[in-house]
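With mmCIF, C-alpha atoms inside, this is final.cif:
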```cif
data_start
#
loop_
_atom_site.group_PDB
_atom_site.id
_atom_site.type_symbol
_atom_site.label_atom_id
_atom_site.label_comp_id
_atom_site.auth_asym_id
_atom_site.auth_seq_id
_atom_site.Cartn_x
_atom_site.Cartn_y
_atom_site.Cartn_z
ATOM 1 C CA MET A 12 0.000 0.000 0.000
ATOM 2 C CA ARG A 13 1.731 3.156 -1.194
ATOM 3 C CA TYR A 14 -0.573 5.729 0.431
ATOM 4 C CA PHE A 15 -0.839 4.603 4.023
ATOM 5 C CA PRO A 16 -3.806 5.954 6.042
ATOM 6 C CA ILE A 17 -2.554 7.929 9.008
ATOM 7 C CA SER A 18 -3.952 10.580 11.337
ATOM 8 C CA ILE A 19 -2.002 13.786 11.860
ATOM 9 C CA ASP A 20 -2.267 16.593 14.362
ATOM 10 C CA SER A 21 -3.834 19.509 12.465
ATOM 11 C CA LYS A 22 -3.174 22.056 15.230
ATOM 12 C CA ASP A 23 -0.991 24.951 14.026
ATOM 13 C CA LYS A 24 -0.646 23.404 10.542
ATOM 14 C CA ILE A 25 -0.922 25.630 7.473
ATOM 15 C CA CYS A 26 -2.423 24.419 4.211
ATOM 16 C CA LEU A 27 -1.321 26.472 1.215
ATOM 17 C CA PHE A 28 -3.669 26.400 -1.777
ATOM 18 C CA LEU A 29 -2.455 27.655 -5.146
ATOM 19 C CA GLY A 30 -5.665 28.345 -7.018
ATOM 20 C CA GLY A 31 -8.936 29.544 -5.561
ATOM 21 C CA GLY A 32 -11.529 27.651 -7.581
ATOM 22 C CA ARG A 33 -14.248 25.165 -6.707
ATOM 23 C CA ILE A 34 -11.914 22.250 -6.078
ATOM 24 C CA CYS A 35 -10.100 24.441 -3.545
ATOM 25 C CA LYS A 36 -13.442 25.115 -1.882
ATOM 26 C CA ARG A 37 -14.332 21.414 -1.647
ATOM 27 C CA LYS A 38 -10.986 20.458 -0.142
ATOM 28 C CA ILE A 39 -11.031 23.306 2.388
ATOM 29 C CA GLU A 40 -14.573 22.399 3.433
ATOM 30 C CA SER A 41 -13.420 18.905 4.359
ATOM 31 C CA LEU A 42 -10.239 20.168 6.050
ATOM 32 C CA LEU A 43 -12.153 22.689 8.165
ATOM 33 C CA LYS A 44 -13.166 19.723 10.336
ATOM 34 C CA GLY A 45 -9.574 19.791 11.594
ATOM 35 C CA ASP A 46 -7.690 22.709 13.156
ATOM 36 C CA PHE A 47 -5.800 23.702 10.008
ATOM 37 C CA SER A 48 -5.242 27.280 8.886
ATOM 38 C CA PHE A 49 -5.495 28.094 5.187
ATOM 39 C CA LEU A 50 -3.578 30.390 2.891
ATOM 40 C CA ILE A 51 -5.053 30.727 -0.602
ATOM 41 C CA TYR A 52 -3.266 32.313 -3.536
ATOM 42 C CA GLY A 53 -5.016 32.840 -6.845
ATOM 43 C CA LYS A 54 -5.678 35.414 -9.497
ATOM 44 C CA GLU A 55 -9.396 34.649 -9.493
ATOM 45 C CA ILE A 56 -11.071 33.513 -6.286
ATOM 46 C CA ASP A 57 -14.385 31.662 -6.571
ATOM 47 C CA LYS A 58 -17.301 33.303 -4.754
ATOM 48 C CA GLU A 59 -17.815 30.104 -2.714
ATOM 49 C CA VAL A 60 -14.196 30.299 -1.502
ATOM 50 C CA ILE A 61 -14.789 33.930 -0.523
ATOM 51 C CA LYS A 62 -17.906 32.793 1.362
ATOM 52 C CA LEU A 63 -15.804 30.219 3.256
ATOM 53 C CA TYR A 64 -13.329 32.980 4.092
ATOM 54 C CA LYS A 65 -16.105 35.226 5.428
ATOM 55 C CA GLU A 66 -17.393 32.350 7.586
ATOM 56 C CA ASN A 67 -13.864 31.539 8.882
ATOM 57 C CA PRO A 68 -11.795 34.756 8.762
ATOM 58 C CA GLN A 69 -9.614 33.641 11.678
ATOM 59 C CA ARG A 70 -8.525 30.516 9.775
ATOM 60 C CA ILE A 71 -8.474 31.535 6.113
ATOM 61 C CA LYS A 72 -6.376 34.182 4.387
ATOM 62 C CA ILE A 73 -6.725 34.998 0.686
ATOM 63 C CA VAL A 74 -4.052 36.651 -1.445
ATOM 64 C CA GLU A 75 -5.114 37.632 -4.950
ATOM 65 C CA LYS A 76 -2.020 37.010 -7.007
ATOM 66 C CA ASN A 77 -1.150 35.398 -10.312
ATOM 67 C CA ILE A 78 0.456 31.972 -9.944
ATOM 68 C CA ASP A 79 3.270 31.108 -12.355
ATOM 69 C CA GLN A 80 6.317 28.826 -12.388
ATOM 70 C CA ASN A 81 8.349 31.445 -10.470
ATOM 71 C CA PHE A 82 5.968 31.472 -7.511
ATOM 72 C CA ILE A 83 7.800 31.492 -4.169
ATOM 73 C CA PHE A 84 6.109 29.286 -1.592
ATOM 74 C CA PRO A 85 5.394 30.970 1.752
ATOM 75 C CA PRO A 86 5.914 28.817 4.853
ATOM 76 C CA CYS A 87 3.367 25.980 4.991
ATOM 77 C CA ASP A 88 2.960 22.389 6.103
ATOM 78 C CA PHE A 89 0.919 21.099 3.169
ATOM 79 C CA LEU A 90 0.725 22.393 -0.387
ATOM 80 C CA PHE A 91 -2.362 21.898 -2.556
ATOM 81 C CA LEU A 92 -1.917 22.581 -6.258
ATOM 82 C CA ALA A 93 -5.296 23.640 -7.623
ATOM 83 C CA THR A 94 -4.347 26.073 -10.384
ATOM 84 C CA GLY A 95 -6.454 24.348 -13.024
ATOM 85 C CA ASP A 96 -3.346 24.112 -15.234
ATOM 86 C CA ARG A 97 -1.884 20.552 -15.238
ATOM 87 C CA ASP A 98 1.430 21.653 -16.715
ATOM 88 C CA LEU A 99 1.881 24.480 -14.207
ATOM 89 C CA ASN A 100 0.908 22.140 -11.363
ATOM 90 C CA LYS A 101 3.549 19.662 -12.532
ATOM 91 C CA ILE A 102 6.263 22.341 -12.562
ATOM 92 C CA LEU A 103 5.223 23.635 -9.131
ATOM 93 C CA ARG A 104 5.010 20.079 -7.761
ATOM 94 C CA LYS A 105 8.616 19.373 -8.771
ATOM 95 C CA LYS A 106 9.744 22.699 -7.289
ATOM 96 C CA ALA A 107 7.879 21.931 -4.045
ATOM 97 C CA LYS A 108 9.368 18.433 -3.801
ATOM 98 C CA ASP A 109 12.846 19.908 -4.277
ATOM 99 C CA GLN A 110 12.084 22.102 -1.244
ATOM 100 C CA GLY A 111 10.732 19.188 0.795
ATOM 101 C CA LEU A 112 7.098 20.365 0.801
ATOM 102 C CA ARG A 113 4.390 17.723 1.129
ATOM 103 C CA THR A 114 2.255 18.273 -1.931
ATOM 104 C CA LEU A 115 -1.113 17.224 -3.296
ATOM 105 C CA ASP A 116 -1.476 17.959 -7.001
ATOM 106 C CA LEU A 117 -5.221 18.069 -7.491
ATOM 107 C CA SER A 118 -4.773 17.421 -11.219
ATOM 108 C CA ASP A 119 -2.604 14.316 -10.581
ATOM 109 C CA SER A 120 -3.136 12.778 -7.153
ATOM 110 C CA LEU A 121 -1.055 9.693 -8.025
ATOM 111 C CA GLY A 122 1.987 11.924 -8.501
ATOM 112 C CA SER A 123 1.438 13.515 -5.104
ATOM 113 C CA ASP A 124 2.856 12.936 -1.636
ATOM 114 C CA PHE A 125 -0.587 12.442 -0.100
ATOM 115 C CA TYR A 126 -4.259 12.631 -0.913
ATOM 116 C CA LEU A 127 -7.350 13.277 1.153
ATOM 117 C CA ARG A 128 -9.779 10.626 2.277
ATOM 118 C CA LYS A 129 -13.504 10.946 2.887
ATOM 119 C CA ASN A 130 -13.844 11.125 6.674
ATOM 120 C CA ILE A 131 -16.880 10.166 8.691
ATOM 121 C CA SER A 132 -16.904 10.476 12.452
ATOM 122 C CA ASN A 133 -18.858 10.803 15.627
ATOM 123 C CA GLU A 134 -17.581 11.199 19.174
ATOM 124 C CA PHE A 135 -16.334 7.578 19.327
ATOM 125 C CA ILE A 136 -15.585 6.417 15.801
ATOM 126 C CA ASP A 137 -13.560 7.803 12.893
ATOM 127 C CA ILE A 138 -13.763 6.132 9.497
ATOM 128 C CA SER A 139 -11.751 7.111 6.423
ATOM 129 C CA ILE A 140 -12.639 5.984 2.904
ATOM 130 C CA SER A 141 -10.518 6.230 -0.194
ATOM 131 C CA SER A 142 -10.545 5.018 -3.770
ATOM 132 C CA ASN A 143 -6.768 5.540 -3.770
ATOM 133 C CA GLY A 144 -7.173 8.787 -5.675
ATOM 134 C CA GLN A 145 -8.691 7.061 -8.689
ATOM 135 C CA VAL A 146 -12.486 7.530 -8.496
ATOM 136 C CA PRO A 147 -13.276 9.960 -5.654
ATOM 137 C CA ILE A 148 -17.047 9.716 -6.250
ATOM 138 C CA PHE A 149 -16.919 6.114 -4.950
ATOM 139 C CA SER A 150 -15.449 7.351 -1.700
ATOM 140 C CA SER A 151 -18.305 9.826 -1.369
ATOM 141 C CA LEU A 152 -21.028 7.283 -2.130
ATOM 142 C CA ILE A 153 -19.663 4.656 0.251
ATOM 143 C CA GLY A 154 -18.984 7.381 2.812
ATOM 144 C CA ASP A 155 -22.616 8.497 2.654
ATOM 145 C CA ASP A 156 -23.747 4.940 3.431
ATOM 146 C CA LEU A 157 -21.304 4.685 6.333
ATOM 147 C CA GLU A 158 -22.470 8.051 7.656
ATOM 148 C CA LYS A 159 -26.039 6.720 7.780
ATOM 149 C CA TYR A 160 -24.779 3.646 9.612
ATOM 150 C CA LEU A 161 -22.938 5.761 12.209
ATOM 151 C CA GLU A 162 -26.069 7.849 12.734
ATOM 152 C CA SER A 163 -28.024 4.656 13.404
ATOM 153 C CA LEU A 164 -25.695 3.521 16.214
ATOM 154 C CA ASP A 165 -27.102 3.605 19.724
ATOM 155 C CA MET A 166 -24.726 6.128 21.297
ATOM 156 C CA GLU A 167 -26.192 5.620 24.778
ATOM 157 C CA LYS A 168 -25.262 1.932 24.551
ATOM 158 C CA ILE A 169 -21.755 2.772 23.353
ATOM 159 C CA LYS A 170 -21.293 5.204 26.260
ATOM 160 C CA LEU A 171 -22.401 2.479 28.654
ATOM 161 C CA MET A 172 -19.866 0.105 27.096
ATOM 162 C CA VAL A 173 -17.100 2.682 27.586
ATOM 163 C CA LYS A 174 -18.050 3.093 31.260
ATOM 164 C CA ILE A 175 -18.090 -0.680 31.728
ATOM 165 C CA ARG A 176 -14.688 -1.029 30.063
ATOM 166 C CA ASP A 177 -13.237 1.707 32.267
ATOM 167 C CA LYS A 178 -14.696 0.118 35.405
ATOM 168 C CA LEU A 179 -13.343 -3.320 34.441
ATOM 169 C CA ARG A 180 -9.909 -1.817 33.904
ATOM 170 C CA GLU A 181 -10.063 -0.118 37.308
ATOM 171 C CA ASN A 182 -10.857 -3.479 38.884
ATOM 172 C CA GLY A 183 -8.063 -5.203 36.955
ATOM 173 C CA ILE A 184 -10.430 -7.527 35.108
ATOM 174 C CA TYR A 185 -10.435 -6.039 31.616
ATOM 175 C CA ASN A 186 -11.369 -8.778 29.163
ATOM 176 C CA LYS A 187 -11.961 -8.225 25.458
ATOM 177 C CA ALA A 188 -14.112 -11.369 25.065
ATOM 178 C CA LEU A 189 -16.310 -10.228 27.957
ATOM 179 C CA LEU A 190 -16.821 -6.820 26.338
ATOM 180 C CA LEU A 191 -17.784 -8.455 23.040
ATOM 181 C CA ASP A 192 -20.354 -10.591 24.850
ATOM 182 C CA LEU A 193 -21.705 -7.607 26.767
ATOM 183 C CA TYR A 194 -22.138 -5.601 23.559
ATOM 184 C CA LYS A 195 -24.717 -8.178 22.446
ATOM 185 C CA GLU A 196 -26.859 -7.392 25.475
ATOM 186 C CA ASP A 197 -29.506 -4.653 25.676
ATOM 187 C CA LYS A 198 -29.039 -1.333 27.477
ATOM 188 C CA GLU A 199 -31.040 -2.314 30.556
ATOM 189 C CA PHE A 200 -28.797 -5.314 31.129
ATOM 190 C CA LEU A 201 -25.714 -3.114 30.654
ATOM 191 C CA LYS A 202 -26.983 -0.548 33.160
ATOM 192 C CA LYS A 203 -27.517 -3.251 35.784
ATOM 193 C CA TYR A 204 -24.144 -4.808 35.019
ATOM 194 C CA LEU A 205 -22.435 -1.432 35.442
ATOM 195 C CA GLU A 206 -24.067 -0.958 38.847
ATOM 196 C CA LYS A 207 -22.767 -4.345 40.036
ATOM 197 C CA ILE A 208 -19.105 -3.993 39.042
#
```
Can you dump the structure from the file as structure tokens?
Amino acid sequence: MRYFPISIDSKDKICLFLGGGRICKRKIESLLKGDFSFLIYGKEIDKEVIKLYKENPQRIKIVEKNIDQNFIFPPCDFLFLATGDRDLNKILRKKAKDQGLRTLDLSDSLGSDFYLRKNISNEFIDISISSNGQVPIFSSLIGDDLEKYLESLDMEKIKLMVKIRDKLRENGIYNKALLLDLYKEDKEFLKKYLEKI
């Protein structure tokens, strides 16, 4: 597996976008779930990107500037090439790699250092889906189904299971098989079990 799924700390990380079109908007929307800050350079900035900026002025900065092969990268942690020009992206990608910048070329994800996954989460579970950069619509469709599944989970039961696990650990009797058996029980049984341990 070339692109290994991994979670990173988004706190104090800057995402630099070269190009301010709709693809920039879609990627930023998904990244706003983290704590990233965004720096967007582009000659023409899509009205939806401007709307995102107005909704998140503390996290997004826009610089209206033409992007060419002589562009000098400001400090950033992740570079997103979204110029809409495949050839320019390729030149900038090589330049960025020479400088050690982690880069996602949105016109050629397979030539990139990373790509983004569809993320679905609630307070207990995080799921990431990817089509390995080949057919992103599949990630979205499968992700939508998984999102419905997560919404259908009984969160009260899961919270009870967490309390039971913590209590078992405190008592030095943590047992994975026991937890799996308990998960099959209903909430009323779990509540009584929690009271007894």
Practice task
For range 135-138 of chain A, list every protein, DNA or RNA residue within 12 Å, evaluated using all atoms listed in the file, and leave out those in the same chain fewer than 3 positions away; present the list as JSON, numbers by chain.
Solution key: {"A": [16, 17, 18, 128, 129, 130, 131, 132, 141, 150, 153, 154, 155, 156, 157, 158, 160, 161, 162, 164, 165, 166, 167, 168, 169, 170, 172, 173]}
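CA of Asp109 in chain A is positioned 26.4 Å from CA of Ile71 in chain A.
With CA of Ile78 in chain A on one side and CA of Gln145 in chain A on the other, the separation reads 26.6 Å.
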Problem - Spatial neighbours of Ile34 in chain A, max dist 12 Å, all atoms listed in the file, sep filter under 6 positions, as a PyMOL selection string - result: chain A and resi 28+40-41+56-57+59-60+91-95+116-118
Go ahead and dump the residues you just picked, C-alpha atoms, as a tab-separated table (two decimals), in the coordinates of the input.
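Just written: part_4.tsv:
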```
chain	number	residue	atom	x	y	z
A	28	PHE	CA	-3.67	26.40	-1.78
A	40	GLU	CA	-14.57	22.40	3.43
A	41	SER	CA	-13.42	18.90	4.36
A	56	ILE	CA	-11.07	33.51	-6.29
A	57	ASP	CA	-14.38	31.66	-6.57
A	59	GLU	CA	-17.82	30.10	-2.71
A	60	VAL	CA	-14.20	30.30	-1.50
A	91	PHE	CA	-2.36	21.90	-2.56
A	92	LEU	CA	-1.92	22.58	-6.26
A	93	ALA	CA	-5.30	23.64	-7.62
A	94	THR	CA	-4.35	26.07	-10.38
A	95	GLY	CA	-6.45	24.35	-13.02
A	116	ASP	CA	-1.48	17.96	-7.00
A	117	LEU	CA	-5.22	18.07	-7.49
A	118	SER	CA	-4.77	17.42	-11.22
```
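Distances from A:Asp96, A:Cys87, A:Phe15, A:Asp23 to Ile140 in chain A were compared using all atoms listed in the file, and the smallest one belongs to A:Phe15.
For the pair CA of Leu50 in chain A and CA of Glu134 in chain A, the interatomic distance is 28.8 Å.
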Give me the residues within 9 Å of Lys178 in chain A as a PDB file with C-alpha atoms, in the coordinates of the input, counting all atoms listed in the file and dropping any in the same chain fewer than 6 places off.
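Writing done, so here's out-v2.pdb:
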```
ATOM      1  CA  ILE A 184     -10.430  -7.527  35.108  1.00  0.00           C
ATOM      2  CA  TYR A 185     -10.435  -6.039  31.616  1.00  0.00           C
ATOM      3  CA  LEU A 205     -22.435  -1.432  35.442  1.00  0.00           C
ATOM      4  CA  ILE A 208     -19.105  -3.993  39.042  1.00  0.00           C
TER       5      ILE A 208
END
```
How big is the axis-aligned box around the listed atoms of range 147-155 of chain A once 4 Å is added on each side, and where is its centre? Give both in Å to one decimal, as JSON.
```
{"center_x": -17.9, "center_y": 7.3, "center_z": -1.7, "size_x": 17.3, "size_y": 13.3, "size_z": 17.1}
```
Problem - Which of A:Glu75, A:Gln69, A:Asn133, A:Arg37 sits closest to Lys54 in chain A [using all atoms listed in the file] - result: A:Glu75
Practice task
Convert the output of the PyMOL selection byres ((chain A and resi 89) around 7) on the shown file into explicit residues, formatted as an MDAnalysis selection string.
Solution key: chainID A and resid 25:27 87:88 90:91 112:114
